[in-house]
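**Student:** What follows is a single structure, and I will ask about it in a moment.
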Amino acid sequence: MTLHKTSLQQLTALGGGQPSFDPPVSTSNLVQPDQARVFGYLRQSMAAGRWTDGGPLVQQLEQRLADYHGVPHCVSFANGFWAIALTARCLALPGRHEVVMPSLTYRRLADIMAWVGLIPRFCEVDPRTLAISPATAAPCLNEDTALLMGVHPIVNCCDAPGLERLAAAHGLPLLFDAVESVHETLAGRKVGGFGQAECFSLHASKLVNGAEGGYVTTRDAALAARLRTLRDGGRQGLEAAPELGMNVGLNELHAALTLAGLDDLPAQIERNRARYRRYQQGLADLPGLRLLAFDETEATSFKTIVVELLDDWPIGRDQTVQWLNQEQVLARAYYAPPLHRKSTRYPVRPAVLPLTDRLAQRYLLLPCGHFVDEDDIDTVIDLLRLIREQGGAPVAQAA
Amino acid sequence: MMHATPPRPIAFGQQAFPDAARCEAAVADILQRQYYTNQGPLTRRLEQRLAEASGCRHAVCVTNDTIAVLMAVEALGLQGAVLLPASAGAAVFNGLRWAGLQPWACPLPPGQAAPDAAALDAAAAELAAQGQPLAALWCETGLDEGLTARAWAAARGLPLLTELSATFDGGPLRLDGPLGVLSLHADAFFNSLEGGCILTDDDGLAARLRNIRSSYGAGPPVDVVRTSNGRMSEPQAAIGLLNLDTLAAQRARNAARGQVLARALAGTPGLRLCRPAEGQASNHQALLLWVEEGAFGLSASALRAALAAGEIDCRPAGAQPGALWLPQQAGLRDEDMRHLARCIRAAGAAALSEQEA
């Protein structure tokens with residue numbers, strides 16, 4: 001059910017009664033895998049009697065993802081968090097302690113580095129891409145840098161070739177968090193083949209819904225072999241796993257969901273594109289707000305909708321998110337607070353990042369994904385228009 | 001040798017899975033509900049049922065057993081070394097190390113299922129000599145009741161952490177320390193394909209665990225040093241819920257198969273099979289075989305290799321030399337256990353003959 005509101009006093013946040021949406025609309029993808037396809041895959045596992053520890057579907061999935069990303073190797077994991085942790089542990093230069101990474105990114109990325117024993121040194125992002133770049137990372141590199149952590153932003157990609165050149169010039173390993181750029185190409189190269197490795201998530205909210213899961217792509221056969229050994233975690237015997245590993249493999253159920261999702265991916269991207277076009281059309285004449293445009297000269301998934309609130313938007317980003325949330329429009333702030341602003345009880349290098357601070361107050365994610373249709377998008381845009389047109393005036397709350 | 005039914009490959013671990021129809025019904029239910037992870041209704045139900053079944057106030061489920069261990073010790077804020085039986089599994093060794101602790105393997109006396117007080121004293125003395133603070137004692141029950149471990153930890157004021165995977169049979173569990181851990185890996189008696197569960201009666205500890213696991217289902221925010229992710233998914237929880245209904249039958253079959261194996265191995269020189277004592281809390285999944293090379297003819301590792309050549313999968317007993325974990329798989333027939341025993345005896349006999357030749 002949706003309600004169409006025409007005045008600010010009708011907003012739930014201002015005492016206006018029922019929210020616009022019931023149930024809520026969110027920013028999570030939550031694509032529904034096709035049941036028949038899932039069962040078709042599961043029957044392979046059942047026939048083999050293998051449900052975990054590298055079963056037939058996991059093997060099939062790893063080959064398929066390697067092919068999809070145009071790389072020779074893919075290693076799957078129970079989730080993206082520990083995929084990044086194990087890969088960072090493999091790549092970090094011994095005897096060094098810092099990881100250079102952006103602050104405007106996934107809220108748990110610094111926690112991952114803490115588990116690996118690396119100290120985050122946060123860098124600025126490029127204001128055009130909202131991503132780490134060679135120019136923003138270079139000033140942070142020093143003799144104690146163990147790893148350069150590239151992160152693709154939510155819309156489009158970071159300058160991965162530039163980061164490759166920077167890492168090579170400094171003799172540093174380069175690892176990417178590519179969770180938000182699964183389908184993208186950059187300068188014609190598929191994401192998945194940059195740096196020493198790239199990490200992805202199969203969480204239900206991501207492009208491909210495996211319920212939970214993660215994977216790493218790489219061109220490095222030795223790294224792939226090492227990751228497989230670490231992933232096994234010594235389950236076959238401690239002597240076979242002298243390095244610190246973790247039993248963090250992907251199970252067959254999650255692999256079945258993922259394979260079914262890959263089968264549907266072209267159709268999903270078309271649906272995503274249609275939602276994006278609706279936002280493009282509806283927001284085109286709404287001043288004070290800018291839709292981040294997907295680079296359609298490259299492959300893109302059109303998955304996530306991000307807007308920037310400009311200086312003439314009548315209220316702040318956080319208040320906008322709050323008002324929308326009260327309408328059960330589960331918009332989210334874009335990576336806020338940034339990581340360098342969070343107090344931690346593990347070591348981080350203090351950072352002064354004025355650009356990141358400013359950017360962290362301007363962007364938000366709007367509803368998208370499986371549960372959002374074009375009528376929902378129209379209602380969301382109408383709410384934004386309401387805020388734009390009336391949000392700057394004093395409001396008498398409804399009795 | 002003639003067999004009543006032909007021998008077949010024997011995989012390691014309980015490997016108990018619901019039948020295809022129940023699996024598919026569970027998956028269909030999840031797809032229809034469209035709730036895939038993030039502390040969904042099935043995960044909440046599994047946690048509730050595990051808490052009720054075990055008699056513990058809290059059951060915190062996660063995606064795998066190593067993460068369960070590292071979260072457990074992280075939530076306790078332990079620093080230093082943890083004494084554990086050398087036969088402990090890789091998940092325990094790895095989980096402790098990820099959390100920054102040093103696992104210190106305490107050897108088992110030959111033929112026994114757990115370290116005795118003398119072995120624990122000796123291991124603690126080694127740690128002290130190296131200037132390593134001892135933070136906790138890890139014990140594993142199911143083959144051993146844990147009496148020695150309880151008394152030893154209590155006498156020293158150390159927290160006792162208990163691996164309960166070989167004990168849990170769907171009924172109440174005893175926690176003699178702040179928490180216990182269950183592996184829910186497919187090899188374990190009770191599984192959710194992959195998974196782990198931390199059991200505790202401590203409300204504060206449970207709150208820290210949920211906040212370390214983070215985000216959904218975290219409850220009231222509690223300050224933690226770092227989050228670990230590790231959510232259990234709805235498909236995993238669904239498998240766990242289906243398997244919970246089968247545990248009594250699984251236990252009975254395990255006990256019966258263990259008895260068959262014990263009878264078939266009885267009298268074999270150089271072998272000692274550790275099984276739970278009569279009336280001991282156990283699910284009878286763990287079968288620890290001690291191999292004395294001189295009398296048997298083969299080392300434990302050589303026996304493992306010989307059995308592997310016959311498609312029988314055994315596992316080393318952690319860091320404990322001279323011992324193997326034997327398979328105890330759901331669906332194995334009594335004849336399969338007799339076949340296992342024949343293969344073990346034949347391997348030893350062949351080695352002894354070769355030595356005499």
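Here, A, B, ... name the chains of the structure tokens in the order displayed, residue numbers run from 1 inside each chain, and ligands are numbered from 1 in the same displayed order.
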Give me the residues near Thr227 in chain B as a list in words, where near means some atom within 10 Å (using only C-alpha atoms) and where sequence neighbours in that chain fewer than 5 positions away do not count.

**Tutor:**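 So the residues in contact are Arg108, Leu109, Ala110, Asp111, Ile112, Ala114 and Trp115 of chain A; Met71, Glu74, Arg208, Leu209, Arg210, Asn211, Ile212, Arg213, Ser214 and Ser215 of chain B.
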
**Student:** I want to know what sits within 12 Å of range 258-262 of chain B, based on only C-alpha atoms, with residues of the same chain fewer than 2 positions away left out; could you give that as number ranges by chain?

**Tutor:** B: 143, 251-256, 264-268, 271-278, 283-289, 326-329, 332-345

**Student:** Give me, as a tab-separated table, each residue of chain B that comes within 6 Å of chain A, together with its shortest interatomic pair and the distance in Å at one decimal, counting only C-alpha atoms, with rows ordered by chain and rising residue number.

**Tutor:**
residue	atom	partner	partner_atom	distance
B:Tyr36	CA	A:Ala211	CA	5.1
B:Thr37	CA	A:Ala211	CA	5.9
B:Ala90	CA	A:Gly234	CA	5.5
B:Val225	CA	A:Arg345	CA	5.4
B:Arg226	CA	A:Asp111	CA	5.4
B:Pro316	CA	A:Gly237	CA	5.7

**Student:** If we count only C-alpha atoms and set the cut-off at 7 Å, which residues sit around range 364-367 of chain A, ignoring sequence neighbours fewer than 3 positions away in its own chain? Please answer as a PDB file with C-alpha atoms, in the first residue's frame.

**Tutor:**
ATOM      1  CA  VAL A  25      10.766  -0.054   0.590  1.00  0.00           C
ATOM      2  CA  SER A  26      14.492  -0.456   1.115  1.00  0.00           C
ATOM      3  CA  THR A  27      17.822  -0.083  -0.628  1.00  0.00           C
ATOM      4  CA  ILE A 305      20.521   4.543  -6.606  1.00  0.00           C
ATOM      5  CA  VAL A 306      22.610   7.290  -5.018  1.00  0.00           C
ATOM      6  CA  VAL A 307      21.763  10.984  -4.960  1.00  0.00           C
ATOM      7  CA  GLU A 308      23.675  14.023  -3.765  1.00  0.00           C
ATOM      8  CA  VAL A 329      11.186   4.757   2.687  1.00  0.00           C
ATOM      9  CA  LEU A 330      14.320   3.145   4.063  1.00  0.00           C
ATOM     10  CA  ALA A 331      16.797   5.509   2.462  1.00  0.00           C
ATOM     11  CA  ARG A 332      20.280   5.343   3.942  1.00  0.00           C
ATOM     12  CA  ALA A 333      23.112   7.778   4.392  1.00  0.00           C
ATOM     13  CA  TYR A 334      26.059   7.006   2.120  1.00  0.00           C
ATOM     14  CA  VAL A 372      10.664  -1.669  -5.622  1.00  0.00           C
TER      15      VAL A 372
END

**Student:** Determine which residues of range 295-324 of chain A DSSP labels as strand (DSSP E or B) from the backbone of this structure, then write them out as a PyMOL selection string.

**Tutor:** chain A and resi 305-309

**Student:** Would you export the selected residues with C-alpha atoms as a CSV table (one decimal), in the first residue's frame, please?

**Tutor:**
chain,number,residue,atom,x,y,z
A,305,ILE,CA,20.5,4.5,-6.6
A,306,VAL,CA,22.6,7.3,-5.0
A,307,VAL,CA,21.8,11.0,-5.0
A,308,GLU,CA,23.7,14.0,-3.8
A,309,LEU,CA,21.8,16.8,-1.9

**Student:** Please identify the alpha helix (DSSP H) residues within range 188-296 of chain B (assignment by DSSP from backbone atoms) and present them as number ranges by chain.

**Tutor:** B: 203-213, 234-244, 247-265, 293-296

**Student:** Write out as a ChimeraX atom specification each polymer residue whose atoms come within 9 Å of range 236-250 of chain B, counting only C-alpha atoms; drop sequence neighbours fewer than 4 positions from it.

**Tutor:** /A:251,253-254 /B:14,16-18,22-23,26-27,30,40,42-47,49-50,61,63,169-170,184,189-195,232,254-255,283,330

**Student:** Write the selection just made, keeping C-alpha atoms, as a tab-separated table (two decimals), in the first residue's frame?

**Tutor:**
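New file part-v9.tsv:
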chain	number	residue	atom	x	y	z
A	251	ASN	CA	28.16	-24.39	1.38
A	253	LEU	CA	22.87	-24.30	-0.52
A	254	HIS	CA	24.39	-20.85	-0.87
B	14	GLN	CA	28.20	-37.40	11.00
B	16	ALA	CA	23.44	-36.04	8.65
B	17	PHE	CA	21.25	-34.30	6.12
B	18	PRO	CA	17.49	-34.05	5.81
B	22	ARG	CA	12.28	-31.84	3.37
B	23	CYS	CA	15.25	-29.86	2.07
B	26	ALA	CA	12.51	-25.74	3.49
B	27	VAL	CA	14.17	-23.92	0.58
B	30	ILE	CA	12.56	-19.42	2.36
B	40	GLY	CA	15.68	-14.09	10.09
B	42	LEU	CA	14.38	-19.44	11.11
B	43	THR	CA	17.65	-18.34	12.71
B	44	ARG	CA	15.76	-16.87	15.65
B	45	ARG	CA	13.78	-20.08	16.00
B	46	LEU	CA	16.90	-22.21	15.86
B	47	GLU	CA	18.55	-20.11	18.56
B	49	ARG	CA	15.20	-24.14	20.27
B	50	LEU	CA	18.88	-24.65	21.01
B	61	CYS	CA	24.33	-18.93	16.12
B	63	THR	CA	27.99	-19.08	10.10
B	169	ASP	CA	22.32	-34.86	21.85
B	170	GLY	CA	19.34	-32.53	21.84
B	184	LEU	CA	27.46	-27.08	13.47
B	189	PHE	CA	26.73	-34.62	15.31
B	190	PHE	CA	24.26	-31.77	14.92
B	191	ASN	CA	24.78	-29.66	11.84
B	192	SER	CA	23.44	-26.76	9.86
B	193	LEU	CA	25.74	-27.57	6.91
B	194	GLU	CA	28.22	-25.07	8.25
B	195	GLY	CA	27.78	-23.18	11.46
B	232	MET	CA	24.00	-17.57	9.98
B	254	ASN	CA	25.89	-43.86	16.87
B	255	ALA	CA	25.97	-45.75	20.16
B	283	ASN	CA	26.08	-38.26	21.42
B	330	ALA	CA	24.78	-41.16	9.76

**Student:** A:Pro347, A:Gly162, A:Pro287, A:Pro56: which is nearest Arg121 in chain A, counting only C-alpha atoms?

**Tutor:**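 Counting only C-alpha atoms, the residue closest to Arg121 in chain A is A:Pro347.
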
**Student:** Within 12 Å of Asp67 in chain A, counting only C-alpha atoms, which residues qualify if same-chain residues fewer than 2 places away don't, as a ChimeraX atom specification?

**Tutor:** /A:60-65,69-74,190-193,217-219,262

**Student:** Using C-alpha atoms, can you write the selected residues to a file as a short mmCIF file (atom, residue, chain, number, x, y, z; two decimals), in the first residue's frame?

**Tutor:**
data_model
loop_
_atom_site.label_atom_id
_atom_site.label_comp_id
_atom_site.auth_asym_id
_atom_site.auth_seq_id
_atom_site.Cartn_x
_atom_site.Cartn_y
_atom_site.Cartn_z
CA GLN A 60 30.90 -25.19 -10.57
CA LEU A 61 30.27 -21.73 -9.15
CA GLU A 62 33.94 -20.89 -8.77
CA GLN A 63 34.59 -21.77 -12.40
CA ARG A 64 31.58 -19.81 -13.54
CA LEU A 65 32.56 -16.72 -11.54
CA HIS A 69 35.14 -11.93 -14.33
CA GLY A 70 37.58 -13.02 -17.03
CA VAL A 71 40.19 -14.36 -14.64
CA PRO A 72 41.66 -17.84 -14.21
CA HIS A 73 40.92 -18.23 -10.50
CA CYS A 74 38.02 -17.75 -8.14
CA LYS A 190 36.01 -6.55 -16.31
CA VAL A 191 36.16 -5.81 -12.58
CA GLY A 192 37.64 -8.87 -10.97
CA GLY A 193 40.98 -8.80 -12.74
CA THR A 217 39.09 -13.41 -8.00
CA THR A 218 42.72 -13.34 -9.01
CA ARG A 219 45.13 -14.03 -11.84
CA LEU A 262 23.76 -15.76 -12.11
#

**Student:** Could you tell me which of B:Ala153, B:Leu164, B:Ala11, B:Leu84 comes closest to Asp187 in chain B if we count only C-alpha atoms?

**Tutor:**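 Going through B:Ala153, B:Leu164, B:Ala11, B:Leu84 one by one, the smallest distance to Asp187 in chain B is for B:Ala11.
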
**Student:** Counting only C-alpha atoms, what is within 9 Å of Arg388 in chain A, bar same-chain residues fewer than 5 positions away, as a PyMOL selection string?

**Tutor:** chain A and resi 286-289+313-315+383

**Student:** For the selection just defined, write its residues with C-alpha atoms to a file, as a short mmCIF file (atom, residue, chain, number, x, y, z; two decimals), in the first residue's frame.

**Tutor:**
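Saved file result08.cif follows:
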data_model
loop_
_atom_site.label_atom_id
_atom_site.label_comp_id
_atom_site.auth_asym_id
_atom_site.auth_seq_id
_atom_site.Cartn_x
_atom_site.Cartn_y
_atom_site.Cartn_z
CA LEU A 286 13.93 18.40 -9.28
CA PRO A 287 16.44 21.07 -8.30
CA GLY A 288 18.73 20.76 -5.31
CA LEU A 289 19.40 17.09 -5.87
CA TRP A 313 18.41 21.46 -0.72
CA PRO A 314 16.23 22.85 2.09
CA ILE A 315 17.14 20.43 4.88
CA LEU A 383 8.12 12.81 -1.35
#
